[in-house]
Each structure stands twice: as C-alpha cells, then as structure tokens.
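What follows is a short report on a single structure.
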Amino acid sequence: MHAAAIVAAAGSGSRLGADRPKALVPLAGRPLVCWAVDGLLAGGVTDVVVTVPPAERDAFAAALPAGVRLVDGGATRTASVRAGLAAAGPDADAVLVHDAARPLTPPDVVARVLAALATGARAVVPVLPVVDTTVVVDDDGVVADAVPRARLRRVQTPQGFDRATLVAAYAALDDAAELTDDAAVVRAAGIPVSTVPGDERAAKVTVPHDLTLAELQVAR
Ligand code: CTP
Ligand code: MG
C-alpha cells in the first residue's frame, strides 16, 4: 500500500498565542510541524504534503526536509485539507490527514491506521475513551443531564482514508462547509468510519499548557 499524508499546518494558533504560526512554534528546539512529519514517516507514510499559511511558505521550506511538498492552505481547516488533497498524488492508494498540532503522535498510531486501511477499511480514526464524568448543561450552565460515557470516544489524528473515497467525499461537500475533521466529511457522504486505539501522547497542542506538557514528554 502506498500511503501519502496531508499535514494541516496552515492555522495561526490563536489560542496558543505565540509570536508565529503554531506549526512553527518550537518544541525542544524544533518546530511542531517537523515532529509531526517525523512521526508519519516513521509510521510508514512515504509522501508528505504540508498545507502552510501562504505568507510563511519560506519559513516552512527552511524547516522541513526537501522531499516534503508545501501547498498554500485556506481560511479554514476544511479548505486547507481540500487544497492538500488536490496535491496528494493519484499514485497513493491511502491518504492520512494529520494535524501539525499533534507533534508527538507515536509512529505506532500511524501504523495502526495504515493496518486498518490495508485490511479493507475505507475510513479509520484513532480514538480514546472519555474518562471524566460528562454532562449536558442548560443555557444557565446548570447541569441538565449526565451523558453515559461508555460509548463516547475522543477522536485524534492521523485519520486514514482510501484515497478515492476521501476525494469523492470532499467533491460532494459544499465549498463553504466547515467541519472539524475529515472523518466528518466522509461520514457526510455516508461512508462508515472505523476506529483504532489512539494514544494520549498524540494530544493536540491548543493552549500554552499543552506545550508545557509536550516539553515534559520529550524531556523524559
Ligand atoms: N489548520 C489549517 N488551516 C486552517 C486552520 C487550521 O491547516 N485554516 C490546521 C492547524 O495548523 C492545526 C490543525 O489544523 O495543525 C488543527 O487546528 P487547530 O488546533 O485549531 O489550530 P489553529 O487553527 O492554528 O489554532 P486556533 O484555532 O487556536 O487559532
Ligand atoms: Mg483552529
């Protein structure tokens, strides 16, 4: 199986509040996007396309290995992945979509996603259980209901797809649609999405505390 990956890295990182786009923020001295690309390659991906903020293309080119292709991202994650997908060659039969904001995703997670695709899944996501009591609140913030959590899952990336399935699902999606992940795009097209075990180390860097945790993780 020939697997390509799209790394969504075109966001600004407004919640992190750094002095540069989040994907270029250093973790142990190396930009987050470099860690994310390393994990994909170590897990079995052969081609990588990174979607970048157009104004920062040179900085990404300087940070990433020569074989990595850069594509201008869009105003939303959905638009960025759409642009990356157009560049993720037709020679790939599988496409993984990953967040640069998950720099320490273990290669084993990548390998589990690829293995599920190799055995016939058309779409697969890494997931983790919900461990906290989870509730619904009303408009005043008062608890209205508790949610049974046994079947709830937190969804991570990389998410893997049969390439033709993902291309068709994006083609069928309204141009203005904005979904938080790619599994939602294929589900909107009626395709079942399988799951494999995720990993806490694949946590997303969203706020400054997440970067502190990531620094501790690499220092171990
Ligand atoms: N992303 C992207 N294009 C966008 C917006 C987001 O490629 N227009 C990417 C980000 O670079 C990130 C991933 O999607 O790797 C997940 O998004 P998120 O964690 O929300 O990152 P940002 O949008 O950059 O952060 P924020 O929402 O805090 O501004
Ligand atoms: Mg965002």
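The way I read the labels, and the way they are meant: chains A, B, ... in the order of the structure tokens, residue 1 as the first residue of every chain, and ligand 1 as the first ligand shown, with later ones counted on from there.
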Which residues come within 6 Å of stretch 153-156 of chain A, counting only C-alpha atoms, excluding same-chain residues fewer than 3 positions away, as a PDB file with C-alpha atoms, in the first residue's frame?
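Full text of around03.pdb as output:
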ATOM      1  CA  PRO A 126      -7.674   6.793  16.279  1.00  0.00           C
ATOM      2  CA  VAL A 127      -9.834   7.195  19.392  1.00  0.00           C
ATOM      3  CA  LEU A 128      -9.543   7.304  23.178  1.00  0.00           C
ATOM      4  CA  PRO A 129     -12.188   6.752  25.858  1.00  0.00           C
ATOM      5  CA  VAL A 130     -13.749   9.628  27.785  1.00  0.00           C
TER       6      VAL A 130
END
Proximity of stretch 97-116 of chain A to stretch 80-83 of chain A: per-residue shortest pair, 12 Å limit, only C-alpha atoms, as a Markdown table:
| residue | atom | partner | partner_atom | distance |
| --- | --- | --- | --- | --- |
| A:Val97 | CA | A:Val81 | CA | 7.7 |
| A:His98 | CA | A:Val81 | CA | 9.4 |
| A:Asp99 | CA | A:Val81 | CA | 10.1 |
Would you export the selected residues with N, CA and C atoms as a PDB file, in the first residue's frame, please?
ATOM      1  N   VAL A  97      -4.671  12.087   7.006  1.00  0.00           N
ATOM      2  CA  VAL A  97      -4.746  13.522   7.267  1.00  0.00           C
ATOM      3  C   VAL A  97      -4.409  13.732   8.744  1.00  0.00           C
ATOM      4  N   HIS A  98      -3.411  14.599   8.986  1.00  0.00           N
ATOM      5  CA  HIS A  98      -2.857  14.747  10.332  1.00  0.00           C
ATOM      6  C   HIS A  98      -2.770  16.232  10.673  1.00  0.00           C
ATOM      7  N   ASP A  99      -2.795  16.530  11.971  1.00  0.00           N
ATOM      8  CA  ASP A  99      -2.614  17.904  12.445  1.00  0.00           C
ATOM      9  C   ASP A  99      -1.156  18.134  12.826  1.00  0.00           C
TER      10      ASP A  99
END
| field | Contacts to ligand 2 at 12 Å cut-off (only C-alpha atoms and all ligand atoms) as a ChimeraX atom specification | value | /A:8-17,21-23,74-78,80,99-101,178-181,204-207
| said: Can you pull out every residue from stretch 138-195 of chain A that DSSP, working from the backbone, puts in alpha helix (DSSP H), and format the result as a list in words? | reply: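 So, restricting stretch 138-195 of chain A to alpha helix (DSSP H), we get Arg163, Ala164, Thr165, Leu166, Val167, Ala168, Ala169, Tyr170, Ala171, Ala172, Asp182, Ala183, Ala184, Val185, Val186, Arg187 and Ala188 of chain A.
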| request: With a distance cut-off of 10 Å and only C-alpha atoms, select the neighbouring residues of stretch 188-199 of chain A, excluding the residue or stretch itself and same-chain residues fewer than 4 positions from it, and output the selection as a PyMOL selection string. | output: chain A and resi 104-106+108-110+112-113+115-117+121-129+153-161+165-166+168-173+179+182-184+203
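Atom pair atom CA of A:Val7 / atom CA of A:Ala36 has a distance of 7.9 Å (rounded to one decimal).
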| message | Let me make sure I understand: among A:Gly73, A:Pro208, A:Pro107, A:Gly39, which one has the smallest atom-to-atom distance to ligand 1 if we use only C-alpha atoms and all ligand atoms? | response |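 Between A:Gly73, A:Pro208, A:Pro107, A:Gly39, the residue approaching ligand 1 most closely is A:Gly73.
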| said: Env of A:Leu32: 6 Å cut, atoms = only C-alpha atoms, seq-sep filter 3 positions within chain, self excluded. Answer as a ChimeraX atom specification. | reply: /A:23-26,35,103
Export, as a PDB file, in the first residue's frame, the selected residues with N, CA, C and O atoms.
ATOM      1  N   ALA A  23       2.337  25.884  13.961  1.00  0.00           N
ATOM      2  CA  ALA A  23       3.132  24.777  13.426  1.00  0.00           C
ATOM      3  C   ALA A  23       4.628  25.074  13.446  1.00  0.00           C
ATOM      4  O   ALA A  23       5.448  24.166  13.377  1.00  0.00           O
ATOM      5  N   LEU A  24       4.996  26.365  13.524  1.00  0.00           N
ATOM      6  CA  LEU A  24       6.412  26.747  13.557  1.00  0.00           C
ATOM      7  C   LEU A  24       6.933  26.977  14.978  1.00  0.00           C
ATOM      8  O   LEU A  24       8.124  27.233  15.184  1.00  0.00           O
ATOM      9  N   VAL A  25       6.056  26.860  15.959  1.00  0.00           N
ATOM     10  CA  VAL A  25       6.478  27.062  17.352  1.00  0.00           C
ATOM     11  C   VAL A  25       7.398  25.910  17.749  1.00  0.00           C
ATOM     12  O   VAL A  25       7.107  24.744  17.482  1.00  0.00           O
ATOM     13  N   PRO A  26       8.556  26.221  18.364  1.00  0.00           N
ATOM     14  CA  PRO A  26       9.489  25.148  18.703  1.00  0.00           C
ATOM     15  C   PRO A  26       9.064  24.309  19.903  1.00  0.00           C
ATOM     16  O   PRO A  26       8.524  24.823  20.879  1.00  0.00           O
ATOM     17  N   TRP A  35       8.184  17.658  13.987  1.00  0.00           N
ATOM     18  CA  TRP A  35       7.897  16.470  14.810  1.00  0.00           C
ATOM     19  C   TRP A  35       6.752  15.662  14.179  1.00  0.00           C
ATOM     20  O   TRP A  35       6.814  14.434  14.100  1.00  0.00           O
ATOM     21  N   PRO A 103       2.232  16.999  17.606  1.00  0.00           N
ATOM     22  CA  PRO A 103       3.628  16.740  17.234  1.00  0.00           C
ATOM     23  C   PRO A 103       4.174  15.408  17.719  1.00  0.00           C
ATOM     24  O   PRO A 103       5.046  14.844  17.075  1.00  0.00           O
TER      25      PRO A 103
END
| request: Would you mind listing what lies within 9 Å of A:Ala28 as JSON, numbers by chain, with only C-alpha atoms counted and same-chain residues fewer than 4 positions away left out? | output: {"A": [214, 215, 218, 219]}
Output of the above residues as a PDB file, in the first residue's frame, restricted to C-alpha atoms:
ATOM      1  CA  ALA A 214       4.714  18.277  25.341  1.00  0.00           C
ATOM      2  CA  GLU A 215       8.051  19.671  26.564  1.00  0.00           C
ATOM      3  CA  VAL A 218      10.182  14.890  25.187  1.00  0.00           C
ATOM      4  CA  ALA A 219      12.363  15.537  28.242  1.00  0.00           C
TER       5      ALA A 219
END
Identify, on the basis of only C-alpha atoms, every residue whose closest approach to A:Val68 does not exceed 8 Å; exclude the query and any residue fewer than 3 positions from it along the same chain; express the result as an mmCIF file with C-alpha atoms, in the first residue's frame.
data_model
loop_
_atom_site.group_PDB
_atom_site.id
_atom_site.type_symbol
_atom_site.label_atom_id
_atom_site.label_comp_id
_atom_site.auth_asym_id
_atom_site.auth_seq_id
_atom_site.Cartn_x
_atom_site.Cartn_y
_atom_site.Cartn_z
ATOM 1 C CA ASP A 47 4.862 11.061 0.762
ATOM 2 C CA VAL A 48 4.028 14.153 2.785
ATOM 3 C CA VAL A 49 2.186 17.324 1.727
ATOM 4 C CA VAL A 50 2.083 20.160 4.278
ATOM 5 C CA LEU A 64 11.182 20.839 6.617
ATOM 6 C CA PRO A 65 13.139 18.138 4.744
#
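Minimum distance to ligand 1 across A:Thr119, A:Thr46, A:Gln217, A:Thr51 (counting only C-alpha atoms and all ligand atoms) occurs at A:Thr51.
Shortest atom-to-atom contact with ligand 1 among A:Ala79, A:Leu27, A:Leu152, A:Val137: A:Ala79, counting only C-alpha atoms and all ligand atoms.
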| request: Output as a VMD selection string all residues of stretch 20-197 of chain A that backbone DSSP marks as strand (DSSP E). | output: chain A and resid 26 to 27 30 to 31 47 to 52 69 to 72 94 to 99 123 to 129 134 to 137 143 to 147 153 to 155 159 to 162 194 to 197
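Interatomic distance, atom CA of A:Val95 to atom CA of A:Arg20: 28.1 Å.
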| By how many Å are atom CA of A:Cys34 and atom CA of A:Phe60 apart? |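 Straight-line distance from atom CA of A:Cys34 to atom CA of A:Phe60 works out to 9.2 Å.
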| query | With only C-alpha atoms as the atoms that count, which of A:Ala61, A:Ala88, A:Val167, A:Ala150 lies nearest to A:Val185? | reply | A:Val167
| Closest to ligand 1 among A:Gly29, A:Gly84, A:Gly67, A:Gly44, using only C-alpha atoms and all ligand atoms? |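 Smallest separation from ligand 1 among the options: A:Gly84.
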| task | Select, from A:Val135, A:Met1, A:Leu40, A:Val52, the residue with the minimum atom-to-atom distance to ligand 1, counting only C-alpha atoms and all ligand atoms. | result | A:Val52
